[in-house]
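Peer 1: My file is coords.txt. It has compact mmCIF, C-alpha atoms:
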# COMPACT_ATOMS: atom_id res chain seq x y z
CA MET A 14 -6.34 -1.99 9.22
CA SER A 15 -4.49 -0.08 11.92
CA LYS A 16 -2.09 2.66 11.05
CA PRO A 17 1.62 1.83 10.68
CA ALA A 18 4.08 2.35 13.55
CA ILE A 19 5.57 5.82 13.69
CA LYS A 20 9.14 4.62 13.07
CA GLU A 21 8.21 2.70 9.96
CA ALA A 22 6.04 5.51 8.63
CA SER A 23 8.69 8.19 9.06
CA GLU A 24 11.28 6.01 7.30
CA VAL A 25 9.09 5.64 4.24
CA ILE A 26 8.19 9.35 4.22
CA LEU A 27 11.89 10.25 4.36
CA GLU A 28 12.60 7.87 1.49
CA VAL A 29 9.98 9.67 -0.64
CA GLY A 30 11.59 13.00 0.18
CA ARG A 31 15.09 11.70 -0.45
CA ILE A 32 14.36 10.38 -3.94
CA LEU A 33 12.47 13.52 -4.97
CA LEU A 34 15.09 15.94 -3.65
CA ALA A 35 18.05 13.97 -5.03
CA SER A 36 16.44 13.97 -8.48
CA GLY A 37 16.19 17.76 -8.43
CA SER A 38 12.57 18.48 -7.51
CA THR A 39 11.41 21.85 -6.17
CA THR A 40 11.39 21.89 -2.37
CA ASN A 41 7.75 22.87 -2.29
CA ARG A 42 6.81 19.68 -4.16
CA VAL A 43 8.96 17.56 -1.83
CA GLU A 44 7.17 19.02 1.20
CA THR A 45 3.73 18.56 -0.35
CA MET A 46 4.40 14.95 -1.33
CA MET A 47 5.79 14.05 2.11
CA LEU A 48 2.78 15.59 3.85
CA LYS A 49 0.43 13.71 1.52
CA VAL A 50 2.03 10.38 2.40
CA ALA A 51 2.00 11.22 6.10
CA ASN A 52 -1.66 12.11 5.89
CA CYS A 53 -2.45 8.81 4.18
CA PHE A 54 -0.60 6.91 6.94
CA GLY A 55 -2.76 8.61 9.54
CA TYR A 56 -0.33 11.22 10.86
CA PRO A 57 -2.06 14.46 9.87
CA LYS A 58 -0.09 16.78 12.19
CA THR A 59 3.19 16.22 10.36
CA HIS A 60 5.52 19.10 9.54
CA ALA A 61 8.29 19.11 6.95
CA PHE A 62 10.97 21.65 6.19
CA VAL A 63 13.10 21.00 3.14
CA THR A 64 16.17 22.82 1.89
CA PRO A 65 18.09 21.84 -1.27
CA THR A 66 20.58 19.83 0.79
CA GLY A 67 18.55 18.40 3.65
CA ILE A 68 15.18 17.34 5.01
CA PHE A 69 13.72 18.07 8.49
CA LEU A 70 10.66 16.02 9.27
CA THR A 71 8.49 15.73 12.36
CA VAL A 72 5.88 13.00 12.15
CA SER A 73 3.14 13.37 14.72
CA ASP A 74 -0.37 12.01 15.22
CA GLY A 75 -1.44 15.11 17.11
CA LYS A 76 -1.72 13.40 20.51
CA ASN A 77 1.25 11.92 22.31
CA GLU A 78 3.39 10.31 19.64
CA HIS A 79 5.91 12.28 17.65
CA ARG A 80 9.26 11.64 16.02
CA THR A 81 11.75 14.00 14.38
CA ASN A 82 14.20 13.05 11.66
CA ILE A 83 16.92 14.97 9.87
CA TYR A 84 18.27 13.70 6.58
CA ARG A 85 21.23 15.10 4.66
CA ILE A 86 21.26 14.78 0.86
CA GLU A 87 24.80 14.14 -0.29
CA SER A 88 24.66 13.64 -4.04
CA ARG A 89 22.12 15.13 -6.38
CA GLN A 90 21.59 14.11 -9.96
CA MET A 91 19.01 15.55 -12.30
CA ASN A 92 16.44 12.87 -13.12
CA LEU A 93 13.07 14.22 -14.18
CA GLY A 94 11.76 10.72 -14.86
CA LYS A 95 11.90 9.78 -11.16
CA ILE A 96 10.13 12.99 -10.13
CA THR A 97 7.30 12.25 -12.54
CA ALA A 98 7.06 8.59 -11.52
CA ILE A 99 6.92 9.33 -7.78
CA SER A 100 4.46 12.20 -8.14
CA ARG A 101 2.15 9.98 -10.14
CA LEU A 102 2.58 7.05 -7.73
CA ILE A 103 1.66 9.13 -4.69
CA THR A 104 -1.26 10.89 -6.35
CA GLU A 105 -2.68 7.54 -7.44
CA MET A 106 -2.21 5.96 -4.01
CA GLU A 107 -3.85 8.95 -2.39
CA LYS A 108 -6.86 8.64 -4.67
CA ALA A 109 -7.15 4.87 -4.21
CA HIS A 110 -6.57 4.45 -0.48
CA CYS A 111 -7.13 7.67 1.40
CA ASP A 112 -10.86 8.09 0.94
CA VAL A 113 -13.67 7.96 3.45
CA THR A 114 -13.52 4.18 3.90
CA ASN A 115 -10.27 4.85 5.80
CA SER A 116 -8.30 1.91 4.49
CA LYS A 117 -4.70 3.03 4.90
CA MET A 118 -2.17 2.37 2.18
CA SER A 119 0.28 -0.36 3.04
CA VAL A 120 3.84 0.58 4.02
CA THR A 121 5.46 -2.47 2.47
CA LYS A 122 3.74 -1.93 -0.86
CA LEU A 123 4.82 1.71 -1.00
CA LYS A 124 8.35 0.73 -0.01
CA ALA A 125 8.54 -1.81 -2.82
CA GLU A 126 7.21 0.69 -5.35
CA LEU A 127 9.72 3.33 -4.21
CA TYR A 128 12.55 0.82 -4.53
CA ARG A 129 11.38 -0.07 -8.03
CA VAL A 130 11.22 3.61 -9.09
CA ASP A 131 14.62 4.35 -7.57
CA HIS A 132 16.36 1.46 -9.31
CA THR A 133 14.84 1.50 -12.79
CA GLN A 134 16.20 3.47 -15.71
CA ASN A 135 13.62 4.46 -18.30
CA TRP A 136 16.19 4.31 -21.06
CA PRO A 137 19.47 2.38 -21.37
CA THR A 138 22.58 4.47 -20.75
CA TRP A 139 23.88 4.27 -24.32
CA LEU A 140 20.60 5.70 -25.62
CA GLN A 141 20.82 8.59 -23.15
CA ILE A 142 24.35 9.31 -24.32
CA PHE A 143 23.27 9.31 -27.98
CA ALA A 144 20.31 11.52 -27.06
CA GLY A 145 22.80 13.98 -25.59
CA GLY A 146 24.51 13.99 -28.97
CA ALA A 147 21.20 14.74 -30.68
CA THR A 148 20.58 17.67 -28.35
CA SER A 149 23.91 19.24 -29.12
CA GLY A 150 23.68 18.55 -32.87
CA PHE A 151 20.21 19.99 -33.33
CA PHE A 152 21.10 23.06 -31.26
CA CYS A 153 24.00 23.58 -33.65
CA LEU A 154 21.52 23.50 -36.56
CA LEU A 155 19.17 25.81 -34.64
CA TYR A 156 21.89 28.44 -34.37
CA GLY A 157 22.55 28.23 -38.10
CA GLY A 158 25.12 25.47 -38.53
CA SER A 159 25.60 23.43 -41.70
CA TRP A 160 25.08 19.66 -42.00
CA LEU A 161 28.82 18.99 -41.62
CA GLU A 162 28.79 21.05 -38.43
CA PHE A 163 25.73 19.09 -37.32
CA ALA A 164 27.68 15.84 -37.71
CA VAL A 165 30.64 17.18 -35.76
CA ALA A 166 28.38 18.64 -33.05
CA TYR A 167 26.64 15.27 -32.79
CA ALA A 168 29.97 13.52 -32.25
CA VAL A 169 31.06 16.14 -29.73
CA GLY A 170 27.74 15.81 -27.89
CA VAL A 171 28.08 12.02 -27.67
CA LEU A 172 31.68 12.24 -26.45
CA VAL A 173 30.83 14.91 -23.86
CA SER A 174 27.76 13.04 -22.60
CA LEU A 175 29.89 9.93 -22.23
CA SER A 176 32.61 11.84 -20.38
CA VAL A 177 30.09 13.56 -18.08
CA TYR A 178 28.58 10.13 -17.35
CA LEU A 179 32.02 8.72 -16.50
CA LEU A 180 32.94 11.82 -14.48
CA GLY A 181 29.69 11.40 -12.55
CA LYS A 182 31.07 8.11 -11.21
CA LEU A 183 34.01 10.02 -9.69
CA ARG A 184 31.55 12.14 -7.65
CA LEU A 185 33.14 15.47 -8.56
CA THR A 186 31.61 18.61 -7.13
CA LEU A 187 29.01 20.35 -9.27
CA TYR A 188 31.31 23.24 -10.12
CA LEU A 189 34.24 21.07 -11.15
CA ALA A 190 32.09 18.69 -13.20
CA ASN A 191 30.67 21.56 -15.26
CA THR A 192 34.09 23.16 -15.73
CA VAL A 193 35.59 19.89 -16.97
CA GLY A 194 32.56 19.29 -19.21
CA ALA A 195 32.93 22.71 -20.83
CA MET A 196 36.69 22.19 -21.24
CA LEU A 197 36.09 18.86 -22.99
CA ILE A 198 33.56 20.46 -25.36
CA VAL A 199 36.15 22.97 -26.55
CA LEU A 200 38.91 20.33 -26.70
CA PHE A 201 36.88 17.86 -28.79
CA THR A 202 35.68 20.63 -31.12
CA LYS A 203 39.20 21.88 -31.72
CA LEU A 204 40.47 18.34 -32.34
CA PHE A 205 37.69 17.73 -34.88
CA GLN A 206 38.57 21.02 -36.54
CA VAL A 207 42.07 19.67 -37.07
CA TRP A 208 40.96 16.24 -38.32
CA VAL A 209 37.84 16.99 -40.36
CA PRO A 210 38.49 18.35 -43.84
CA GLY A 211 36.40 21.35 -44.84
CA TYR A 212 35.40 24.60 -43.13
CA LEU A 213 33.95 24.30 -39.64
CA ASN A 214 32.44 27.21 -37.73
CA THR A 215 33.56 26.11 -34.28
CA ASP A 216 31.42 28.73 -32.47
CA LYS A 217 28.16 27.01 -33.39
CA ILE A 218 29.46 23.56 -32.45
CA ILE A 219 30.67 24.77 -29.06
CA ILE A 220 27.37 26.57 -28.38
CA GLY A 221 25.53 23.36 -29.24
CA GLY A 222 27.68 21.52 -26.71
CA ILE A 223 27.22 24.19 -24.05
CA MET A 224 23.42 23.83 -24.29
CA LEU A 225 23.89 20.34 -22.81
CA LEU A 226 25.25 21.86 -19.59
CA VAL A 227 23.22 25.08 -19.12
CA PRO A 228 21.57 25.34 -15.69
CA GLY A 229 17.94 25.28 -16.86
CA LEU A 230 16.71 23.13 -13.97
CA ALA A 231 18.40 25.24 -11.29
CA MET A 232 16.94 28.40 -12.81
CA VAL A 233 13.38 27.10 -13.02
CA ASN A 234 13.60 25.64 -9.50
CA ALA A 235 14.92 28.92 -8.12
CA ILE A 236 12.01 30.87 -9.57
CA ARG A 237 9.32 28.40 -8.60
CA ASP A 238 10.70 28.01 -5.06
CA THR A 239 10.85 31.76 -4.55
CA MET A 240 7.32 32.19 -5.88
CA SER A 241 5.93 29.53 -3.54
CA GLY A 242 7.58 31.25 -0.55
CA ASP A 243 10.59 28.98 0.08
CA LEU A 244 13.07 31.84 0.21
CA VAL A 245 16.05 29.83 1.49
CA SER A 246 15.98 27.26 -1.28
CA GLY A 247 15.07 29.87 -3.87
CA MET A 248 18.22 31.82 -3.06
CA ALA A 249 20.35 28.66 -2.91
CA ARG A 250 19.10 27.47 -6.30
CA GLY A 251 19.62 30.90 -7.84
CA VAL A 252 23.24 30.97 -6.66
CA GLU A 253 23.65 27.41 -7.95
CA ALA A 254 22.47 28.52 -11.42
CA ILE A 255 24.89 31.46 -11.44
CA PHE A 256 27.75 29.24 -10.30
CA ILE A 257 27.08 26.68 -13.04
CA ALA A 258 27.05 29.47 -15.64
CA VAL A 259 30.35 30.79 -14.30
CA ALA A 260 31.79 27.27 -14.33
CA ILE A 261 30.85 26.77 -17.99
CA ALA A 262 32.36 30.13 -18.95
CA THR A 263 35.54 29.30 -17.00
CA GLY A 264 35.85 25.90 -18.64
CA THR A 265 35.53 27.21 -22.19
CA GLY A 266 37.86 30.11 -21.47
CA VAL A 267 40.57 27.96 -19.90
CA MET A 268 40.56 25.44 -22.74
CA PHE A 269 40.67 28.18 -25.39
CA LYS A 270 43.64 29.71 -23.65
CA ILE A 271 45.45 26.37 -23.31
CA TRP A 272 44.81 25.60 -26.98
CA THR A 273 46.18 28.99 -28.03
CA LEU A 274 49.23 28.59 -25.79
CA LEU A 275 49.92 25.18 -27.34
CA GLY A 276 50.08 26.90 -30.70
CA GLY A 277 46.68 25.89 -32.07
CA ILE A 278 44.41 28.06 -34.16
CA MET B 2 10.58 38.26 -47.16
CA ASP B 3 8.42 40.44 -44.99
CA HIS B 4 6.54 37.80 -43.08
CA PRO B 5 8.11 35.25 -40.75
CA PHE B 6 5.82 32.31 -41.59
CA ASN B 7 8.11 30.65 -44.11
CA TYR B 8 9.86 27.32 -44.28
CA LEU B 9 12.93 28.66 -42.44
CA THR B 10 10.88 29.26 -39.30
CA LEU B 11 9.30 25.83 -39.74
CA MET B 12 12.70 24.18 -39.92
CA GLN B 13 13.86 26.07 -36.82
CA PHE B 14 10.68 24.82 -35.13
CA CYS B 15 11.53 21.22 -36.10
CA TRP B 16 15.13 21.46 -34.93
CA SER B 17 14.09 22.93 -31.63
CA CYS B 18 11.66 20.00 -31.21
CA CYS B 19 14.31 17.41 -32.11
CA SER B 20 16.89 18.81 -29.74
CA ILE B 21 14.44 18.82 -26.84
CA ILE B 22 13.42 15.22 -27.61
CA GLY B 23 17.09 14.38 -27.12
CA PHE B 24 17.27 16.47 -23.96
CA SER B 25 14.23 14.84 -22.36
CA ILE B 26 15.49 11.35 -23.14
CA ARG B 27 18.76 12.34 -21.50
CA MET B 28 16.73 13.51 -18.48
CA ASN B 29 15.15 10.02 -18.29
CA LEU B 30 11.62 11.00 -19.33
CA ARG B 31 9.47 8.68 -21.40
CA GLY B 32 5.99 8.35 -22.83
CA ILE B 33 3.66 10.77 -24.57
CA LYS B 34 4.91 13.71 -22.49
CA VAL B 35 8.21 13.75 -24.41
CA LEU B 36 6.25 14.71 -27.53
CA PHE B 37 4.31 17.41 -25.70
CA ILE B 38 7.52 18.80 -24.23
CA ALA B 39 9.15 18.86 -27.67
CA LEU B 40 6.09 20.59 -29.12
CA GLY B 41 6.28 23.18 -26.35
CA ALA B 42 9.96 23.81 -27.01
CA GLY B 43 9.30 24.25 -30.72
CA LEU B 44 6.44 26.60 -29.91
CA ASN B 45 8.75 28.56 -27.62
CA TRP B 46 11.45 29.08 -30.23
CA GLY B 47 8.94 29.64 -33.06
CA THR B 48 6.98 32.29 -31.13
CA TYR B 49 10.24 33.97 -30.20
CA LEU B 50 11.26 34.20 -33.88
CA VAL B 51 7.86 35.47 -35.03
CA ILE B 52 7.57 38.13 -32.33
CA LEU B 53 11.20 39.14 -32.88
CA HIS B 54 10.44 39.69 -36.55
CA TYR B 55 7.50 41.99 -35.85
CA SER B 56 8.64 43.83 -32.71
CA LYS B 57 12.42 44.00 -33.32
CA SER B 58 12.82 43.83 -29.53
CA LEU B 59 14.83 40.89 -28.17
CA LEU B 60 13.66 41.05 -24.57
CA LEU B 61 9.98 41.56 -25.43
CA SER B 62 10.01 38.51 -27.68
CA VAL B 63 11.78 36.38 -25.06
CA PHE B 64 9.25 37.53 -22.45
CA LEU B 65 6.16 36.89 -24.57
CA ALA B 66 7.42 33.54 -25.88
CA THR B 67 8.20 32.30 -22.36
CA LEU B 68 4.88 33.61 -21.05
CA LEU B 69 2.94 31.79 -23.76
CA VAL B 70 4.85 28.58 -23.31
CA SER B 71 4.54 28.64 -19.50
CA ILE B 72 0.76 28.89 -19.87
CA TYR B 73 0.93 25.97 -22.34
CA CYS B 74 2.90 23.99 -19.74
CA GLU B 75 0.47 24.73 -16.91
CA ILE B 76 -2.40 23.36 -19.03
CA VAL B 77 -0.76 20.41 -20.79
CA ALA B 78 1.23 19.16 -17.77
CA ARG B 79 -2.03 18.72 -15.86
CA LEU B 80 -3.57 16.84 -18.78
CA VAL B 81 -0.73 14.29 -18.94
CA HIS B 82 -0.36 14.07 -15.11
CA THR B 83 3.21 15.41 -14.92
CA PRO B 84 4.64 18.02 -12.52
CA VAL B 85 4.56 21.45 -14.18
CA SER B 86 8.19 22.16 -13.24
CA VAL B 87 9.36 19.13 -15.27
CA PHE B 88 7.64 20.59 -18.32
CA VAL B 89 8.88 24.15 -17.81
CA THR B 90 12.47 22.99 -17.22
CA CYS B 91 12.73 21.24 -20.57
CA VAL B 92 10.69 23.71 -22.57
CA ILE B 93 12.66 26.88 -21.82
CA ILE B 94 16.05 25.34 -22.73
CA PRO B 95 16.21 26.77 -26.32
CA LEU B 96 15.97 30.33 -25.01
CA VAL B 97 18.55 29.96 -22.24
CA PRO B 98 21.41 32.32 -23.23
CA GLY B 99 24.18 29.76 -23.67
CA SER B 100 25.38 31.48 -26.85
CA SER B 101 25.79 34.89 -25.17
CA LEU B 102 27.75 33.21 -22.38
CA PHE B 103 30.14 31.70 -24.92
CA TYR B 104 30.50 34.88 -27.02
CA SER B 105 31.28 36.96 -23.92
CA MET B 106 34.00 34.54 -22.83
CA ARG B 107 35.53 34.52 -26.30
CA ALA B 108 35.40 38.32 -26.61
CA TYR B 109 37.12 38.57 -23.24
CA LEU B 110 39.90 36.23 -24.36
CA GLU B 111 40.37 38.29 -27.51
CA GLY B 112 40.86 41.34 -25.31
CA ASP B 113 37.64 43.09 -26.32
CA ARG B 114 36.27 44.12 -22.92
CA ALA B 115 33.44 46.24 -24.35
CA LEU B 116 32.03 43.39 -26.45
CA ALA B 117 32.46 40.97 -23.54
CA SER B 118 30.41 43.13 -21.18
CA HIS B 119 27.83 43.67 -23.93
CA HIS B 120 27.31 39.90 -24.18
CA ILE B 121 27.44 39.24 -20.44
CA GLY B 122 24.77 41.93 -20.05
CA TYR B 123 22.58 39.93 -22.43
CA VAL B 124 23.13 36.76 -20.38
CA PHE B 125 21.68 38.46 -17.32
CA LEU B 126 18.95 40.33 -19.20
CA ILE B 127 17.67 37.25 -21.06
CA GLY B 128 17.99 35.04 -17.97
CA GLY B 129 16.13 37.57 -15.87
CA THR B 130 13.42 37.99 -18.48
CA ILE B 131 12.79 34.25 -18.64
CA ALA B 132 12.71 34.19 -14.83
CA ILE B 133 10.14 36.98 -14.65
CA ALA B 134 7.91 35.39 -17.28
CA ILE B 135 7.89 32.05 -15.41
CA ALA B 136 7.33 33.87 -12.12
CA VAL B 137 4.31 35.75 -13.49
CA VAL B 138 2.62 32.59 -14.71
CA SER B 139 3.38 30.47 -11.63
CA SER B 140 2.24 33.16 -9.18
CA VAL B 141 -0.98 33.74 -11.13
CA THR B 142 -1.59 29.98 -11.02
CA LEU B 143 -0.95 29.90 -7.25
CA LEU B 144 -3.35 32.80 -6.77
CA GLY B 145 -5.97 31.09 -8.90
CA LYS B 146 -5.63 27.87 -6.89
CA ARG B 147 -5.95 29.78 -3.62
CA ILE B 148 -9.07 31.58 -4.81
CA ALA B 149 -10.61 28.32 -6.01
CA ARG B 150 -9.85 26.64 -2.66
CA SER B 151 -11.32 29.48 -0.61
CA ALA B 152 -14.42 29.48 -2.81
CA VAL B 153 -14.86 25.77 -2.03
CA THR B 154 -14.31 26.10 1.73
CA ASP B 155 -16.43 29.24 2.14
CA ARG B 156 -19.45 27.60 0.62
CA PRO B 157 -22.08 27.01 3.32
What would you get if you wrote out this structure as structure tokens?

Peer 2:
Amino acid sequence: MSKPAIKEASEVILEVGRILLASGSTTNRVETMMLKVANCFGYPKTHAFVTPTGIFLTVSDGKNEHRTNIYRIESRQMNLGKITAISRLITEMEKAHCDVTNSKMSVTKLKAELYRVDHTQNWPTWLQIFAGGATSGFFCLLYGGSWLEFAVAYAVGVLVSLSVYLLGKLRLTLYLANTVGAMLIVLFTKLFQVWVPGYLNTDKIIIGGIMLLVPGLAMVNAIRDTMSGDLVSGMARGVEAIFIAVAIATGTGVMFKIWTLLGGI
Amino acid sequence: MDHPFNYLTLMQFCWSCCSIIGFSIRMNLRGIKVLFIALGAGLNWGTYLVILHYSKSLLLSVFLATLLVSIYCEIVARLVHTPVSVFVTCVIIPLVPGSSLFYSMRAYLEGDRALASHHIGYVFLIGGTIAIAIAVVSSVTLLGKRIARSAVTDRP
């Protein structure tokens, strides 16, 4: 089987990079995966440069054919399931097709698989929202909350996950989305404090809610990118983590202040 | 109670596991790796509590717990064919200083600047400690890979 045309090949390679980067993978992994696919297609002299917001890719067969693409990533949403699925897909295809017998993997098959990965959800949305509630509730218990506080934190977690999901459809910027999320956590907790009879330690409930938003992925990506030598994306991710933390602090602070000004407790 | 291996630590371990099961479902993960991730998160929080009890040093216990759990991730993630960064991302969540962030904001609103800067200092110290522990493990792994590769290519 002859190798695929350079235009077709570079489109598929870019699609691999796009899905990985938009799901929040480390740039080093995006580059490695793209080079693996290019190598399997028979373009071993390919170079890729990936930053957190864009991909630069030059596909070349080392002789006279080469093609450069630039791709800008507009929206990014954390989705570790897609990263895992694509990494496994490419590793398996590399093992199966790129051996000494030199049978190249087929472009159409890879395209179909990528489409399938990109458009399947591992869990239904309602389950993800309830799982968000579980995260916040159990974190409340972890920090020493009572069972009543667990119940309230669970409800707050579900409501905040739902609101973040709905806000995601508005395509807010990262900073604004986290600020609004943190504001809603404080608002829902304070409202429950008014409605629910019995003593509630609101601190623990709010901390449980905040753990839903903390920038764990940005932090880990920043460290791993810096360690693998991608200084640009390491710095960018580090600043992203700090900004998210500031956004969460701002959101909680603003809502507390508004609640106090409205005469709440 | 002069030893930390009691049922309280066990319950903290379980709650850490449960919350990370929820977190990984929210992050769209599925399969056996969710259980391994939850186990790692429980291990992270449990080790932190045990070391904190013996050493009485917050940063040392955060460092050692993250170090241990990063090594766990490097091994187990390869066994279940998952990127290591996916594992590490979920597993360190219990130690991320969300509580210090909240307490510093609240202290600031109450007008207590000294307490606010005390807590914000902890946010950066704990965050930095986690970062250094992950960095140590991932750079040692990179070095190990490089040595293994050069040993293979240098062979006549």

Peer 1: List as JSON, numbers by chain the protein and nucleic acid residues near Ala195 (chain A), meaning an atom at most 12 Å away when only C-alpha atoms are counted, but skip any in the same chain fewer than 3 places from it.

Peer 2: {"A": [169, 170, 172, 173, 174, 176, 177, 188, 189, 190, 191, 192, 198, 199, 200, 201, 202, 219, 220, 221, 222, 223, 224, 225, 226, 227, 257, 258, 259, 260, 261, 262, 263, 264, 265, 266, 267, 268, 269], "B": [99, 102, 103]}

Peer 1: Counting only C-alpha atoms, a student should be able to say which residues of chain A come within 7 Å of chain B; what is the right answer, written as JSON, numbers by chain?

Peer 2: {"A": [91, 92, 93, 94, 97, 101, 135, 136, 141, 142, 144, 145, 147, 148, 151, 152, 154, 155, 220, 223, 224, 227, 229, 230, 233, 236, 237, 240, 262, 266]}

Peer 1: Restricting the calculation to all atoms listed in the file: of A:Leu161, A:Ile96, A:Ala35, A:Leu127, which residue gets closest to Gly211 (chain A)?

Peer 2: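 Looking at the shortest contact to Gly211 (chain A), the residue is A:Leu161.
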
Peer 1: Can you measure CA of Leu34 (chain A) to CA of Ile68 (chain A) for me? One decimal in Å is fine.

Peer 2: 8.8 Å

Peer 1: Which residue gives the smallest distance to Ala39 (chain B) among B:Val70, B:Val63, B:Ile127, B:Ile121, with all atoms listed in the file counted?

Peer 2: B:Val70

Peer 1: Considering all atoms listed in the file, can you say which of A:Leu123, A:Ile19, A:Leu197, A:Val43 comes closest to Asn82 (chain A)?

Peer 2: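 Of all the options, A:Ile19 lies closest to Asn82 (chain A).
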
Peer 1: To one decimal in Å, tell me the separation between CA of Gln90 (chain A) and CA of Ser38 (chain A).

Peer 2: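 According to the coordinates, CA of Gln90 (chain A) and CA of Ser38 (chain A) are separated by 10.3 Å.
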
Peer 1: For CA of Ala166 (chain A) and CA of Ile218 (chain A), quote the distance in Å rounded to one decimal.

Peer 2: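 Interatomic distance here is 5.1 Å.
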
Peer 1: Return the single residue from B:Gly112, B:Tyr49, B:Thr10, B:Leu40 that is closest to Val77 (chain B), with distances computed using all atoms listed in the file.

Peer 2: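 Looking at the shortest contact to Val77 (chain B), the residue is B:Leu40.
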
Peer 1: So that all listed atoms of region 17-28 of chain B fit with 8 Å spare on each side, what axis-aligned box centre and edge lengths in Å, to one decimal, would you give as lines of an AutoDock Vina configuration file?

Peer 2:
center_x = 15.2
center_y = 17.1
center_z = -25.3
size_x = 23.1
size_y = 27.6
size_z = 29.6

Peer 1: Please provide as a ChimeraX atom specification all residues within 8 Å of region 54-61 of chain B, with the sequence filter that same-chain residues fewer than 4 positions apart are discarded (counting all atoms listed in the file).

Peer 2: /B:4-5,50,65,126-127,130

Peer 1: For the residues in the current selection, export C-alpha atoms as an mmCIF file, in the coordinates of the input.

Peer 2:
data_model
loop_
_atom_site.group_PDB
_atom_site.id
_atom_site.type_symbol
_atom_site.label_atom_id
_atom_site.label_comp_id
_atom_site.auth_asym_id
_atom_site.auth_seq_id
_atom_site.Cartn_x
_atom_site.Cartn_y
_atom_site.Cartn_z
ATOM 1 C CA HIS B 4 6.540 37.800 -43.080
ATOM 2 C CA PRO B 5 8.110 35.250 -40.750
ATOM 3 C CA LEU B 50 11.260 34.200 -33.880
ATOM 4 C CA LEU B 65 6.160 36.890 -24.570
ATOM 5 C CA LEU B 126 18.950 40.330 -19.200
ATOM 6 C CA ILE B 127 17.670 37.250 -21.060
ATOM 7 C CA THR B 130 13.420 37.990 -18.480
#

Peer 1: Leaving out Arg89 (chain A) and any residue of its chain fewer than 4 positions from it, which residues lie within 10 Å of it when counting all atoms listed in the file, given as a PyMOL selection string?

Peer 2: chain A and resi 31-37+65-66+184+187

Peer 1: List as JSON, numbers by chain the protein and nucleic acid residues near Val63 (chain A), meaning an atom at most 12 Å away when all atoms listed in the file are counted, but skip any in the same chain fewer than 2 places from it.

Peer 2: {"A": [27, 30, 31, 33, 34, 35, 38, 39, 40, 41, 42, 43, 44, 45, 46, 47, 48, 60, 61, 65, 66, 67, 68, 69, 70, 71, 82, 83, 84, 85, 86, 238, 243, 244, 245, 246, 247]}

Peer 1: Using all atoms listed in the file for the distances, tell me which of B:Leu80, B:Phe6, B:Phe64, B:Ile72 is nearest to Val51 (chain B).

Peer 2: B:Phe6
